[in-house]
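Below: one structure, written as C-alpha cells.
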Amino acid sequence: MPIRIWDIPREEYFVSGHRLCPGCGAGIIMRHLAKALGGKGIIAHATGCVEVSTTYYPETSWRIPWIHVAFENVAAVASGIEAAYKVLKRKGIVDPNKDVKIVAVAGDGGTFDIGFQALSGMLERGHDVLYLVYDNEAYMNTGIQRSGSTPFGAWTTTTPVGDVWIYGEWRPKTRKDLLFIAMAHNIPYYATVNPAYITDLYEKISKALTIKGPKLIHAFSPCPPGWRINDDDTIRVSRLAVQTGVWINLEYVNGVVRVTTPVPRRRPVEEYLKIQGRFRHLDKEAIEKIQAMVDEYVAKINKLVGKEVIGPVER
Amino acid sequence: MSMNKVLEKKLLEPLSGNHAVAYAVRDCDVDVISAYPITPQTTIVEKLAEFVASGELDAEFLHVESEHSALSAAIGAAASGARAFTATSSQGLALMYEVLFIASGMRIPMVMALVTRALSAPINIWNDHSDLMASQDTGWIQLVSTNNQEAYDFIIIGYKLSEREDVMLPVMVALDGYIQSHTIEPVQLEDPEKVRKFVPKKKRPVTLDPEKPVSFGTLGDPDWYYEFKIQQAEALERAYQAYKEVSSEFSQYFGRSYEPFQILYGEDSDAILVVLGAHTGTFLKAVEMARREGMKIGLGVIRMLRPFPPEVSKYLSQYSFIGVADKAINFGSASGSYLTNDIATSLYLEGASSRITTYIYGIGGRPVKIEDALYVVRHLWRISKRLEEVPKKPVFVGVRY
C-alpha cells in the first residue's frame, strides 16, 4: 500500500532557523530526507546552498550527525564514513547491530559537474550509501550560474541573453541524464523525486534506505530567486514539471525502470516555461524546440518502460 | 630491564622505506586505508593491500578514484572515529591541496605518508622536496625521516601525536622517493601488540554518531572564523611539546628517540650545515670526511618541519655561519629556499646576526654524490674562514649551466 501523507512521521530532524530562501525546494526535500532517516542517519554534505544555509556556526538545523568537507568530494567523504562504520562494527568498537544509514547530499553543481568523478567512484565501489542530489539546475549558491544540469534555453548569470546568445546557443542540446548514468554504473536503486509528490518522495527515500549498496536519488528542486518564480509557486512549478513531462517521477530497481507518476495526457511545456522568469526570453520557435526535446525524452522513457506511461500533449 | 631487552631483541628486517611504512600502518591496526597509486608511493598501498587481502590487517581498503578523494575519504573515516591512513607523492599531494587545509582546519587526527618527489612540469618521477616544502603551510604536523627506521617509527609516533586531545591535527610523515622508498635497509620491527599498547585506540571526544549528533565543517563567518584559526594555530604550536612527550614515551617503549632538531659535531664547529631527509647520511659522511681534513663543520638535522622547532634558532644563533641545504626551489622568494626563509626568520627573531648560505641540491632526482656533499661542506668552511664571500643567491649544486 502506498504511503499516505499521515504516514510521514511528525518528528523533525531538520529544524527551523535555517537561512534557506522562502519557497526553497531543497528545504522541503531536506526536511523529508531527515524525517526518513530519523535518529539513524549520518549526512555528508557537499558545499552548496543547503550546506551554507543550514550550519551557520554556532547554529545548525541538523539533529542528525552532519559533515561538510568540500564541494567535489561528498561521495568520497560518505565512502569513508561508510567504510569506518563497517570496520568499526566488525572490530566490535561500534555495536555490530547499530543501524546507521549513510547519506551524501549535493546540489547539481556538486553532482553533475565538480563532484561527478567522486560520485562515479562511490557508485562503482559499491558503498552502502544513499546519494541525494537536489537539482535546482544551476549554481544557485554563487548566484545562478549555468551547470551541467541547466536546461536548454534557461537564463542564468553566465548564460545571459544577447544578440548572439538568443536562446541556448551555449549548449544546443539537453542536459546530462542521471538515469542513464546510474544505469551505466549498474547500481541497485535510482529514483527521481519531486516535492509536489511528497508521499512518493518520502516513500522512495525510505525505500532506498532499506536497500544495500549505492543508491542515487535525483530530486527536482525549484529555486525561486534563480528560476525567477514567486515564493509560493514552488509546488505549482514542481507539479507542472511532471504534468508537462519535463520531469518524470520514476524508479530504477535492479535493472527495471518504472514510472511512479504516470501522466496519461501531458500539458504543453509552454505552461511550465511561462511561469518562470528564466525562460521569459524564449520565443515561439524556442518553445517548440523545447517541446520537441521533451517529446523525444518522453518517447525514450516510454520505450524503456515498454508502454506509454507518459501520454501525448493535450492542447 | 637489560634481561627484558635481550629477550625482546629481534632480528632486523630488510625493508624498503615504503614497506617499513606499510608495516607501521599494520602495527598501528589502522582501520581505513584510502589508496590511489602514484610513483614512488605505490608500493606502500600495494603492501597494505596484501596485508588486507591476507587478513594480516583488518581494515577497509578503499580503491578511491583520485588523491583528492583519498584524503576526503580518510577525513570521513577519521571523523567517524576510525584510524585512517593514506599515502601520496608529488602531483597527488598537489591534487589534495584543497583538502589538506580542510583536514587540519577540521582538526582531523590521521597520518599520511608523503614519499617525496619533484613536481611537474616537466613531469619528473624522481626525488626532491618540492612537494613537501610546498605543503608546509597547510596546517599539518610534518615529520621528516632520514632513514627507513625513522619512517617506521614516525608513523607510530604520528598516530600517537595526532590523536592527542591537546593536538587533534593530521600528521604527514615524509620519506624520500627512491632513496628511502625503494632502498632496502635493516629495520627493527616492533611487536605489533606492543605498538598497539603504545598507540591505544581511545574514544574521541566528538565523532559522527547518531546517538550524539554534531555538525562538522560548518560555515564560520567573520564573527567566528578567526577564533577557529587561532585555536588551530595554538594546537599546532602545542604539537611541538606534545611531540617531545610522545617521543620520550616512544624511547621508553622502543629505545629510540628523535629530537625535532639535532646538532652533530656542534661543540667545536665554525659553521653548521642544516639538512633534512634522506641525504642527511650523505652530508654527515661529508662532514666527517672534512673534519678529518681539519675543517670543523657541524651538521644540524631537522626532523620536525612543522611546527618549526624553536630550538633551531636557539642553537644556530651561536654560530656566525650557517649553511642550509634545501632539495627544493622556493620560486621568487626572498632567499629562493623554503628552509632558508624559515631559518633566517627564526634567527632574525632571535636577534642573531648569523650569515646564511643556501645550497640547492638534488632537484628532480639529480644524483647527490659524496663529492657534491663534500663540495658543500668545503664551501661552507671557506666562508667560515672568510676565504670566500657569503653569496647573496643560492649555490646550485650539481647543475649544468
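Residue numbers start at 1 in each chain; chains themselves are named A, B, ... in the order of the C-alpha cells; ligands are numbered from 1 in the order shown.
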Sorted by chain and rising residue number, which residues of chain B lie within 7 Å of chain A, and what are their closest atom pairs and distances in Å to one decimal, counting only C-alpha atoms, as JSON lines?
```
{"residue": "B:Asp31", "atom": "CA", "partner": "A:Val87", "partner_atom": "CA", "distance": 6.4}
{"residue": "B:Val32", "atom": "CA", "partner": "A:Ala84", "partner_atom": "CA", "distance": 6.3}
{"residue": "B:Ala59", "atom": "CA", "partner": "A:Val87", "partner_atom": "CA", "distance": 6.3}
{"residue": "B:Glu60", "atom": "CA", "partner": "A:Ala83", "partner_atom": "CA", "distance": 5.9}
{"residue": "B:Val64", "atom": "CA", "partner": "A:Gly121", "partner_atom": "CA", "distance": 6.5}
{"residue": "B:Glu65", "atom": "CA", "partner": "A:Gly121", "partner_atom": "CA", "distance": 5.7}
{"residue": "B:Ser69", "atom": "CA", "partner": "A:Ala76", "partner_atom": "CA", "distance": 5.2}
{"residue": "B:Ser72", "atom": "CA", "partner": "A:Val77", "partner_atom": "CA", "distance": 5.1}
{"residue": "B:Ala73", "atom": "CA", "partner": "A:Gly80", "partner_atom": "CA", "distance": 4.0}
{"residue": "B:Ala74", "atom": "CA", "partner": "A:Gly80", "partner_atom": "CA", "distance": 5.9}
{"residue": "B:Ile75", "atom": "CA", "partner": "A:Val77", "partner_atom": "CA", "distance": 6.7}
{"residue": "B:Gly76", "atom": "CA", "partner": "A:Val77", "partner_atom": "CA", "distance": 4.6}
{"residue": "B:Ala77", "atom": "CA", "partner": "A:Gly80", "partner_atom": "CA", "distance": 4.4}
{"residue": "B:Ser80", "atom": "CA", "partner": "A:Ile81", "partner_atom": "CA", "distance": 5.9}
{"residue": "B:Ala82", "atom": "CA", "partner": "A:Ala84", "partner_atom": "CA", "distance": 5.5}
{"residue": "B:Ile102", "atom": "CA", "partner": "A:Val69", "partner_atom": "CA", "distance": 6.7}
{"residue": "B:Leu208", "atom": "CA", "partner": "A:Pro65", "partner_atom": "CA", "distance": 5.4}
{"residue": "B:Asp209", "atom": "CA", "partner": "A:Pro65", "partner_atom": "CA", "distance": 6.1}
{"residue": "B:Pro210", "atom": "CA", "partner": "A:Lys40", "partner_atom": "CA", "distance": 5.7}
{"residue": "B:Pro213", "atom": "CA", "partner": "A:Pro65", "partner_atom": "CA", "distance": 4.1}
{"residue": "B:Val214", "atom": "CA", "partner": "A:Pro65", "partner_atom": "CA", "distance": 4.9}
{"residue": "B:Ser215", "atom": "CA", "partner": "A:Trp66", "partner_atom": "CA", "distance": 4.7}
{"residue": "B:Phe216", "atom": "CA", "partner": "A:Ile67", "partner_atom": "CA", "distance": 4.4}
{"residue": "B:Gly217", "atom": "CA", "partner": "A:His68", "partner_atom": "CA", "distance": 4.8}
{"residue": "B:Thr218", "atom": "CA", "partner": "A:Thr55", "partner_atom": "CA", "distance": 5.1}
{"residue": "B:Leu219", "atom": "CA", "partner": "A:Tyr56", "partner_atom": "CA", "distance": 5.0}
{"residue": "B:Gly220", "atom": "CA", "partner": "A:Tyr57", "partner_atom": "CA", "distance": 5.6}
```
Next on the checklist: Env of Ala151 (chain B): 8 Å cut, atoms = only C-alpha atoms, seq-sep filter 3 positions within chain, self excluded. Answer as a ChimeraX atom specification.
Outcome noted: /B:17,20-21,145-148,154-155,173-175
Next on the checklist: Excluding Gly48 (chain A) and its own-chain neighbours fewer than 4 positions away, which residues fall within 9 Å of it when counting only C-alpha atoms? Please give them as a VMD selection string.
Outcome noted: chain A and resid 52 to 53 71 106 to 107 109 to 110 139 to 142
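CA of Ile125 (chain B) to CA of Gly139 (chain B) spans 25.8 Å [interatomic distance, one decimal].
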Item to check | Spatial neighbours of Lys207 (chain A), 10 Å, only C-alpha atoms, chain gap at least 4 places, as a VMD selection string | outcome: chain A and resid 36 189 201 to 203 211
Checklist entry - Leaving out Val30 (chain B) and any residue of its chain fewer than 3 positions from it, which residues lie within 7 Å of it when counting only C-alpha atoms, given as number ranges by chain? => result B: 25-26, 59, 83-85
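The residue set within 10 Å of Lys204 (chain A), counting only C-alpha atoms and dropping same-chain residues fewer than 2 places from it, reads A:Ile3, A:Leu33, A:Ala36, A:Tyr189, A:Tyr190, A:Ala191, A:Thr192, A:Val193, A:Ile198, A:Thr199, A:Asp200, A:Leu201, A:Tyr202, A:Ser206, A:Lys207, A:Ala208, A:Leu209, A:Ile217, A:Leu250, A:Glu251, A:Thr260.
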Next on the checklist: Need to verify the contact set: Val376 (chain B), 9 Å, only C-alpha atoms, exclusion of same-chain residues closer than 2 positions in sequence. Can you return it as a PyMOL selection string?
Outcome noted: chain B and resi 273+283+286+323+325+359+371-374+378-381+395+397
May I have the residues from that selection written out with all heavy atoms, as a tab-separated table (two decimals), in the first residue's frame?
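Output contents, as saved in result_22.tsv:
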```
chain	number	residue	atom	x	y	z
B	273	LEU	N	75.93	23.11	9.00
B	273	LEU	CA	75.16	22.86	7.78
B	273	LEU	C	73.84	22.21	8.18
B	273	LEU	O	73.84	21.16	8.83
B	273	LEU	CB	75.94	21.94	6.84
B	273	LEU	CG	75.21	21.53	5.55
B	273	LEU	CD1	75.01	22.74	4.63
B	273	LEU	CD2	75.98	20.42	4.82
B	283	PHE	N	75.44	13.90	3.78
B	283	PHE	CA	76.08	15.11	4.31
B	283	PHE	C	76.87	14.82	5.58
B	283	PHE	O	77.91	15.42	5.82
B	283	PHE	CB	75.04	16.22	4.54
B	283	PHE	CG	74.59	16.87	3.26
B	283	PHE	CD1	73.32	16.64	2.73
B	283	PHE	CD2	75.45	17.72	2.56
B	283	PHE	CE1	72.92	17.24	1.54
B	283	PHE	CE2	75.04	18.32	1.37
B	283	PHE	CZ	73.78	18.08	0.86
B	286	ALA	N	80.13	13.45	4.55
B	286	ALA	CA	80.98	14.53	4.04
B	286	ALA	C	81.55	15.37	5.19
B	286	ALA	O	82.72	15.76	5.16
B	286	ALA	CB	80.18	15.42	3.08
B	323	GLY	N	75.04	27.04	6.94
B	323	GLY	CA	74.73	26.60	5.58
B	323	GLY	C	73.38	25.90	5.61
B	323	GLY	O	73.07	25.20	6.57
B	325	ALA	N	71.02	23.34	3.32
B	325	ALA	CA	70.91	22.52	2.11
B	325	ALA	C	69.44	22.20	1.88
B	325	ALA	O	68.80	21.56	2.71
B	325	ALA	CB	71.72	21.23	2.28
B	359	TYR	N	72.29	26.19	-0.16
B	359	TYR	CA	72.73	25.23	-1.18
B	359	TYR	C	71.50	24.48	-1.68
B	359	TYR	O	70.84	23.80	-0.90
B	359	TYR	CB	73.75	24.24	-0.60
B	359	TYR	CG	74.97	24.92	-0.04
B	359	TYR	CD1	75.04	25.26	1.31
B	359	TYR	CD2	76.04	25.25	-0.86
B	359	TYR	CE1	76.15	25.90	1.83
B	359	TYR	CE2	77.15	25.90	-0.36
B	359	TYR	CZ	77.20	26.23	1.00
B	359	TYR	OH	78.30	26.88	1.50
B	371	GLU	N	80.91	13.62	-3.47
B	371	GLU	CA	81.69	14.80	-3.92
B	371	GLU	C	80.84	16.07	-3.83
B	371	GLU	O	81.34	17.15	-3.51
B	371	GLU	CB	82.18	14.64	-5.37
B	371	GLU	CG	83.12	13.47	-5.61
B	371	GLU	CD	82.38	12.16	-5.80
B	371	GLU	OE1	81.48	12.10	-6.66
B	371	GLU	OE2	82.70	11.19	-5.08
B	372	ASP	N	79.55	15.93	-4.18
B	372	ASP	CA	78.65	17.09	-4.10
B	372	ASP	C	78.51	17.56	-2.66
B	372	ASP	O	78.56	18.76	-2.37
B	372	ASP	CB	77.27	16.74	-4.67
B	372	ASP	CG	77.33	16.30	-6.12
B	372	ASP	OD1	77.95	17.04	-6.91
B	372	ASP	OD2	76.76	15.25	-6.45
B	373	ALA	N	78.32	16.59	-1.76
B	373	ALA	CA	78.17	16.94	-0.35
B	373	ALA	C	79.47	17.54	0.18
B	373	ALA	O	79.45	18.51	0.95
B	373	ALA	CB	77.78	15.70	0.44
B	374	LEU	N	80.60	16.96	-0.26
B	374	LEU	CA	81.91	17.48	0.17
B	374	LEU	C	82.13	18.90	-0.33
B	374	LEU	O	82.67	19.75	0.36
B	374	LEU	CB	83.02	16.58	-0.36
B	374	LEU	CG	83.51	15.48	0.59
B	374	LEU	CD1	84.49	14.57	-0.14
B	374	LEU	CD2	84.16	16.08	1.83
B	378	ARG	N	82.95	21.92	2.15
B	378	ARG	CA	84.20	22.68	1.98
B	378	ARG	C	83.91	24.15	1.68
B	378	ARG	O	84.58	25.06	2.18
B	378	ARG	CB	85.04	22.08	0.84
B	378	ARG	CG	85.71	20.78	1.27
B	378	ARG	CD	86.45	20.15	0.10
B	378	ARG	NE	87.08	18.90	0.49
B	378	ARG	CZ	87.18	17.84	-0.30
B	378	ARG	NH1	86.72	17.88	-1.54
B	378	ARG	NH2	87.77	16.75	0.13
B	379	HIS	N	82.89	24.39	0.87
B	379	HIS	CA	82.49	25.76	0.53
B	379	HIS	C	82.08	26.51	1.79
B	379	HIS	O	82.49	27.65	2.02
B	379	HIS	CB	81.34	25.72	-0.50
B	379	HIS	CG	80.97	27.05	-1.04
B	379	HIS	ND1	79.97	27.82	-0.50
B	379	HIS	CD2	81.48	27.77	-2.09
B	379	HIS	CE1	79.85	28.94	-1.19
B	379	HIS	NE2	80.76	28.94	-2.16
B	380	LEU	N	81.27	25.84	2.62
B	380	LEU	CA	80.81	26.46	3.86
B	380	LEU	C	82.00	26.73	4.79
B	380	LEU	O	82.06	27.77	5.45
B	380	LEU	CB	79.79	25.55	4.56
B	380	LEU	CG	79.16	26.08	5.85
B	380	LEU	CD1	78.42	27.40	5.61
B	380	LEU	CD2	78.21	25.05	6.45
B	381	TRP	N	82.96	25.82	4.78
B	381	TRP	CA	84.14	26.01	5.64
B	381	TRP	C	84.95	27.22	5.17
B	381	TRP	O	85.38	28.04	5.98
B	381	TRP	CB	85.01	24.74	5.60
B	381	TRP	CG	86.23	24.88	6.45
B	381	TRP	CD1	86.33	24.77	7.81
B	381	TRP	CD2	87.55	25.22	5.99
B	381	TRP	NE1	87.59	25.00	8.24
B	381	TRP	CE2	88.38	25.28	7.14
B	381	TRP	CE3	88.11	25.46	4.73
B	381	TRP	CZ2	89.74	25.58	7.06
B	381	TRP	CZ3	89.46	25.75	4.65
B	381	TRP	CH2	90.27	25.81	5.81
B	395	VAL	N	73.56	28.66	-3.89
B	395	VAL	CA	74.56	27.92	-4.66
B	395	VAL	C	73.84	26.69	-5.21
B	395	VAL	O	73.28	25.91	-4.44
B	395	VAL	CB	75.74	27.50	-3.77
B	395	VAL	CG1	76.74	26.66	-4.56
B	395	VAL	CG2	76.39	28.71	-3.12
B	397	VAL	N	74.02	23.28	-6.50
B	397	VAL	CA	74.98	22.18	-6.52
B	397	VAL	C	74.60	21.18	-7.61
B	397	VAL	O	73.44	20.75	-7.68
B	397	VAL	CB	75.01	21.47	-5.14
B	397	VAL	CG1	76.05	20.35	-5.13
B	397	VAL	CG2	75.27	22.47	-4.03
```
Item to check | Test item, strand (DSSP E or B) assignment across region 180-375 of chain B, answer as a ChimeraX atom specification | outcome: /B:184-187,209,212,215-216,219,261-264,271-275,297-302,304-306,321-326,355-360
Could the residues in this selection be written to a file with N, CA, C and O atoms, as a short mmCIF file (atom, residue, chain, number, x, y, z; two decimals), in the first residue's frame?
```
data_model
loop_
_atom_site.label_atom_id
_atom_site.label_comp_id
_atom_site.auth_asym_id
_atom_site.auth_seq_id
_atom_site.Cartn_x
_atom_site.Cartn_y
_atom_site.Cartn_z
N ILE B 184 66.47 -0.80 0.29
CA ILE B 184 66.29 -1.70 1.43
C ILE B 184 67.34 -1.41 2.50
O ILE B 184 68.54 -1.32 2.19
N GLU B 185 66.85 -1.25 3.70
CA GLU B 185 67.72 -1.01 4.86
C GLU B 185 67.26 -1.94 5.98
O GLU B 185 66.10 -2.34 6.00
N PRO B 186 68.13 -2.24 6.92
CA PRO B 186 67.66 -3.02 8.07
C PRO B 186 66.74 -2.18 8.95
O PRO B 186 67.06 -1.04 9.27
N VAL B 187 65.57 -2.73 9.26
CA VAL B 187 64.61 -2.00 10.09
C VAL B 187 64.20 -2.89 11.26
O VAL B 187 63.86 -4.06 11.07
N ASP B 209 28.20 10.37 15.17
CA ASP B 209 27.50 9.29 15.84
C ASP B 209 26.03 9.68 16.01
O ASP B 209 25.74 10.70 16.66
N LYS B 212 24.75 10.99 19.25
CA LYS B 212 25.16 12.31 19.75
C LYS B 212 25.45 13.20 18.54
O LYS B 212 26.59 13.38 18.13
N SER B 215 27.54 18.76 14.13
CA SER B 215 27.80 19.22 12.76
C SER B 215 29.28 19.52 12.61
O SER B 215 29.83 20.33 13.36
N PHE B 216 29.91 18.87 11.66
CA PHE B 216 31.33 19.08 11.35
C PHE B 216 31.44 19.96 10.11
O PHE B 216 30.68 19.77 9.16
N LEU B 219 29.76 26.52 8.53
CA LEU B 219 30.17 27.83 8.00
C LEU B 219 30.66 28.69 9.17
O LEU B 219 29.95 28.84 10.16
N PHE B 261 65.11 18.78 16.38
CA PHE B 261 66.30 19.34 15.72
C PHE B 261 67.52 18.83 16.46
O PHE B 261 67.62 18.94 17.67
N GLN B 262 68.44 18.27 15.70
CA GLN B 262 69.60 17.63 16.31
C GLN B 262 70.87 18.23 15.71
O GLN B 262 70.94 18.41 14.49
N ILE B 263 71.84 18.52 16.58
CA ILE B 263 73.12 19.00 16.05
C ILE B 263 74.19 17.95 16.29
O ILE B 263 74.31 17.42 17.40
N LEU B 264 74.90 17.64 15.24
CA LEU B 264 76.00 16.68 15.34
C LEU B 264 77.31 17.44 15.13
O LEU B 264 77.38 18.29 14.25
N ALA B 271 81.02 26.39 11.68
CA ALA B 271 79.77 26.61 10.95
C ALA B 271 78.92 25.35 11.03
O ALA B 271 79.46 24.26 11.25
N ILE B 272 77.61 25.53 10.84
CA ILE B 272 76.70 24.38 10.87
C ILE B 272 75.99 24.30 9.53
O ILE B 272 75.49 25.31 9.01
N LEU B 273 75.93 23.11 9.00
CA LEU B 273 75.16 22.86 7.78
C LEU B 273 73.84 22.21 8.18
O LEU B 273 73.84 21.16 8.83
N VAL B 274 72.71 22.84 7.79
CA VAL B 274 71.40 22.32 8.17
C VAL B 274 70.82 21.51 7.00
O VAL B 274 70.80 21.98 5.86
N VAL B 275 70.37 20.30 7.32
CA VAL B 275 69.82 19.42 6.28
C VAL B 275 68.54 18.76 6.80
O VAL B 275 68.23 18.84 7.99
N ILE B 297 83.20 21.57 10.69
CA ILE B 297 81.83 21.87 10.28
C ILE B 297 80.92 20.88 11.01
O ILE B 297 81.23 19.70 11.11
N GLY B 298 79.81 21.40 11.55
CA GLY B 298 78.83 20.54 12.21
C GLY B 298 77.60 20.37 11.34
O GLY B 298 77.44 21.04 10.31
N LEU B 299 76.73 19.45 11.77
CA LEU B 299 75.53 19.18 10.98
C LEU B 299 74.28 19.38 11.85
O LEU B 299 74.23 18.87 12.98
N GLY B 300 73.31 20.10 11.32
CA GLY B 300 72.03 20.26 12.01
C GLY B 300 70.97 19.50 11.23
O GLY B 300 70.85 19.68 10.02
N VAL B 301 70.24 18.62 11.90
CA VAL B 301 69.24 17.79 11.21
C VAL B 301 67.84 18.16 11.69
O VAL B 301 67.53 18.06 12.87
N ILE B 302 67.01 18.59 10.74
CA ILE B 302 65.62 18.94 11.07
C ILE B 302 64.75 17.70 10.83
O ILE B 302 64.71 17.17 9.72
N MET B 304 61.53 17.71 12.42
CA MET B 304 60.18 18.25 12.52
C MET B 304 60.18 19.56 11.75
O MET B 304 60.83 20.53 12.15
N LEU B 305 59.46 19.54 10.61
CA LEU B 305 59.44 20.74 9.76
C LEU B 305 58.31 21.68 10.19
O LEU B 305 58.44 22.88 10.16
N ARG B 306 57.18 21.07 10.59
CA ARG B 306 56.05 21.86 11.12
C ARG B 306 55.49 21.13 12.32
O ARG B 306 55.23 19.95 12.22
N PHE B 321 78.23 31.41 10.98
CA PHE B 321 77.95 30.99 9.60
C PHE B 321 77.12 29.71 9.59
O PHE B 321 77.44 28.73 10.27
N ILE B 322 76.08 29.80 8.81
CA ILE B 322 75.15 28.68 8.68
C ILE B 322 75.06 28.32 7.19
O ILE B 322 74.97 29.21 6.35
N GLY B 323 75.04 27.04 6.94
CA GLY B 323 74.73 26.60 5.58
C GLY B 323 73.38 25.90 5.61
O GLY B 323 73.07 25.20 6.57
N VAL B 324 72.57 26.09 4.58
CA VAL B 324 71.28 25.42 4.52
C VAL B 324 71.22 24.64 3.21
O VAL B 324 71.37 25.22 2.13
N ALA B 325 71.02 23.34 3.32
CA ALA B 325 70.91 22.52 2.11
C ALA B 325 69.44 22.20 1.88
O ALA B 325 68.80 21.56 2.71
N ASP B 326 68.90 22.68 0.79
CA ASP B 326 67.46 22.52 0.52
C ASP B 326 67.29 21.79 -0.82
O ASP B 326 67.91 22.17 -1.82
N ARG B 355 75.24 34.56 9.36
CA ARG B 355 75.10 34.68 7.91
C ARG B 355 74.75 33.31 7.34
O ARG B 355 75.32 32.30 7.73
N ILE B 356 73.83 33.32 6.39
CA ILE B 356 73.35 32.04 5.84
C ILE B 356 73.76 31.88 4.38
O ILE B 356 73.61 32.81 3.57
N THR B 357 74.24 30.70 4.04
CA THR B 357 74.48 30.35 2.65
C THR B 357 73.54 29.21 2.29
O THR B 357 73.45 28.22 3.01
N THR B 358 72.81 29.38 1.19
CA THR B 358 71.84 28.36 0.77
C THR B 358 72.45 27.48 -0.32
O THR B 358 73.05 28.00 -1.28
N TYR B 359 72.29 26.19 -0.16
CA TYR B 359 72.73 25.23 -1.18
C TYR B 359 71.50 24.48 -1.68
O TYR B 359 70.84 23.80 -0.90
N ILE B 360 71.22 24.64 -2.94
CA ILE B 360 70.12 23.88 -3.55
C ILE B 360 70.76 22.66 -4.21
O ILE B 360 71.76 22.79 -4.92
#
```
Next on the checklist: For the helix (DSSP H, G or I) assignment from backbone DSSP, which residues of region 199-260 of chain A qualify? Please present them as number ranges by chain.
Outcome noted: A: 199-210, 224-227, 231-244
Please produce a file of those selected residues containing C-alpha atoms, as a PDB file, in the first residue's frame.
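Listed below is the output, again_6.pdb:
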```pdb
ATOM      1  CA  THR A 199       4.499  10.880  -0.367  1.00  0.00           C
ATOM      2  CA  ASP A 200       6.246   9.487  -3.434  1.00  0.00           C
ATOM      3  CA  LEU A 201       9.379  11.382  -2.396  1.00  0.00           C
ATOM      4  CA  TYR A 202       9.222  10.143   1.179  1.00  0.00           C
ATOM      5  CA  GLU A 203       8.479   6.586   0.114  1.00  0.00           C
ATOM      6  CA  LYS A 204      11.391   6.460  -2.335  1.00  0.00           C
ATOM      7  CA  ILE A 205      13.880   7.828   0.194  1.00  0.00           C
ATOM      8  CA  SER A 206      12.641   5.359   2.825  1.00  0.00           C
ATOM      9  CA  LYS A 207      12.790   2.508   0.340  1.00  0.00           C
ATOM     10  CA  ALA A 208      16.306   3.453  -0.805  1.00  0.00           C
ATOM     11  CA  LEU A 209      17.467   3.380   2.803  1.00  0.00           C
ATOM     12  CA  THR A 210      16.437  -0.285   3.099  1.00  0.00           C
ATOM     13  CA  PRO A 224      12.539  30.900  -6.547  1.00  0.00           C
ATOM     14  CA  PRO A 225      15.306  33.515  -6.940  1.00  0.00           C
ATOM     15  CA  GLY A 226      17.181  31.509  -9.575  1.00  0.00           C
ATOM     16  CA  TRP A 227      14.177  30.478 -11.603  1.00  0.00           C
ATOM     17  CA  ASP A 231       7.994  32.104  -3.359  1.00  0.00           C
ATOM     18  CA  ASP A 232       4.599  30.396  -3.332  1.00  0.00           C
ATOM     19  CA  ASP A 233       4.963  28.870  -6.811  1.00  0.00           C
ATOM     20  CA  THR A 234       7.442  26.152  -5.816  1.00  0.00           C
ATOM     21  CA  ILE A 235       4.882  23.363  -5.620  1.00  0.00           C
ATOM     22  CA  ARG A 236       2.948  24.661  -8.641  1.00  0.00           C
ATOM     23  CA  VAL A 237       6.061  24.665 -10.826  1.00  0.00           C
ATOM     24  CA  SER A 238       7.090  21.255  -9.460  1.00  0.00           C
ATOM     25  CA  ARG A 239       3.708  19.791 -10.355  1.00  0.00           C
ATOM     26  CA  LEU A 240       3.739  21.429 -13.778  1.00  0.00           C
ATOM     27  CA  ALA A 241       7.151  19.880 -14.443  1.00  0.00           C
ATOM     28  CA  VAL A 242       5.585  16.436 -14.026  1.00  0.00           C
ATOM     29  CA  GLN A 243       2.354  17.295 -15.850  1.00  0.00           C
ATOM     30  CA  THR A 244       4.281  18.595 -18.866  1.00  0.00           C
TER      31      THR A 244
END
```
Next on the checklist: Using only C-alpha atoms, can you tell me which of B:Ala134, B:Leu11, B:Val399, B:Val390 comes closest to Ser90 (chain B)?
Outcome noted: B:Ala134
Checklist entry - Using only C-alpha atoms, which residue out of A:Pro264, A:Gly213, A:Pro9, A:Gly306 lies closest to Ile102 (chain A)? => result A:Gly213
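Taking CA of His19 (chain B) and CA of Lys203 (chain B) as endpoints, the distance between them is 29.0 Å.
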